[in-house]
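What follows is a single structure, written as C-alpha cells, with notes after it.
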Amino acid sequence: MRIVRSIAPLAALALQGCAGIQSALEPTGTEAERINALSWLLILFSTVVLVGVCAIAAVALFAGDALRARISGERMVVGGGILFPILSLSVLLTYGFYLMGPGSSTAHMGGAHTGGGLRIEVVGERWWWRVTYVDETGRRIESANEIRLPVGRPVELELTSADVIHSFWVPRLAGKLDMIPGHTNRLTLQATQAGVSRGQCAEYCGGPHAFMSFYVIAMPEDHFAPWLAGEAGDAAAAKQDQAAGQALFLSSGCAACHRVRGTDARGTIGPDLTHVGSRHSLAAATLENDVAAFVRWIKDGQHVKPENLMPPYEIFTDDELRQLAAYLDQLR
C-alpha cells in the first residue's frame, strides 16, 4: 500500500502531460487528428507485437519440449520473423502514406503560395514571433506572438526565420515544421473547434529558447471577421489619464523598436504593439497580460526571460512604470 500511495501522485503528475492546451493527445485540428489516429494505431500495433514476443519468450523459457520445438521450427522463423514484419509494416506504411500523404497532409516544404483566402505570415525571431495577416484583398495586418483562426476554415501559414533555425509546433492543431532563414515553408491549419492552443519553438535556437512560445486562438467565423477588422485599425487614442504613459513611450526610446499604428511610434525591430493589450499573453507567452505584467517586463525583463534582446529599463520611477504600463494595457 505504501508503494501504491507513493506512486499514485507521480502517475497523476505524469498524466497531466496527456491533457491541456499543448497536448497532442487532445487534437482540435484536422492534421493533429490524423496524427493522433496514426499514433494510436502504431501504439496498438506495437503493444500487440510486444505481448506476442513476451508470450513466445515465456513459452521458450517455461513450456514443455513439444511447444518449444514448435516455436523453434522453420515455419515460425519464416512466418513470424520474415513474412509477418514485411506484410504488417507494408500495410502500416501504405496507410500512413494514405493518411498523411500529399492529398491529405497540410505541410508543404517551399513551393508557391496557393492563393485564394486568408493567409498568415509567421517569422521566427530571437525570441518571439512576428505575425502578419494577409486577407483576401491583400491587406496586411501585423501582430505578434499570437495567432487567431476562424474555426472550420483552412488557413495557410507561411513560415520563415529572420535569424537562426526555429521550428513551429502547435501539437493540438498540426505537426511541427522548421522555419529556415531565406526559405519559406507552408503549413495549413484548420481548427475543428473554438478554443486556445499553446505552441512552442521546437528547435533549439539559443538563449531563451524555452520561453519562445505562443498561443493560437480559434474563433467562430462570425467572431473572427469583426476581430480582424478591429485588428486592422489604428491603436485606440490614449485617454486623458493615459497621456503621460503615451508621452513616456514616445520619448524614452520605446518607439525606436516598437510600432503603434496611429502614433509616431514606427519601430520595426521589436513586436508591433498596436493592440498589445488585447493579446492573450506578453513576451511570447511568458507572462499573463495585465498592468502588473507590463511593469514587471519593462523593469525586469532580463530576469523574466534571460538573454532576450530587449534591454532593461531602469530609468523609470515606480509612478512612471505604472503610467507606461497603463497606456500599453489600454492598447486594444
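Note on naming: chains are A, B, ... as they come in the C-alpha cells, residues start from 1 per chain, ligands start from 1 in the order shown.
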I want to know what sits within 10 Å of Arg140 (chain A), based on only C-alpha atoms, with residues of the same chain fewer than 4 positions away left out; could you give that as a ChimeraX atom specification?
/A:119-121,132-136,232
Write out as JSON, numbers by chain which residues come within 10 Å of region 70-82 of chain A when counting only C-alpha atoms, dropping same-chain ones fewer than 2 positions away.
{"A": [53, 56, 57, 59, 60, 65, 66, 67, 68, 84, 85, 86, 87]}
Which one of A:Ala225, A:Val131, A:Ala244, A:Val122 sits closest to Asn185 (chain A) if you count only C-alpha atoms?
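Among the listed residues, A:Val122 lies closest to Asn185 (chain A).
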Check region 62-236 of chain A with DSSP on the backbone and list each residue it calls strand (DSSP E), as a ChimeraX atom specification.
/A:107-108,119-125,128-134,140-144,146-150,155-161,166-169,177-179,185-189,195-201,213-219
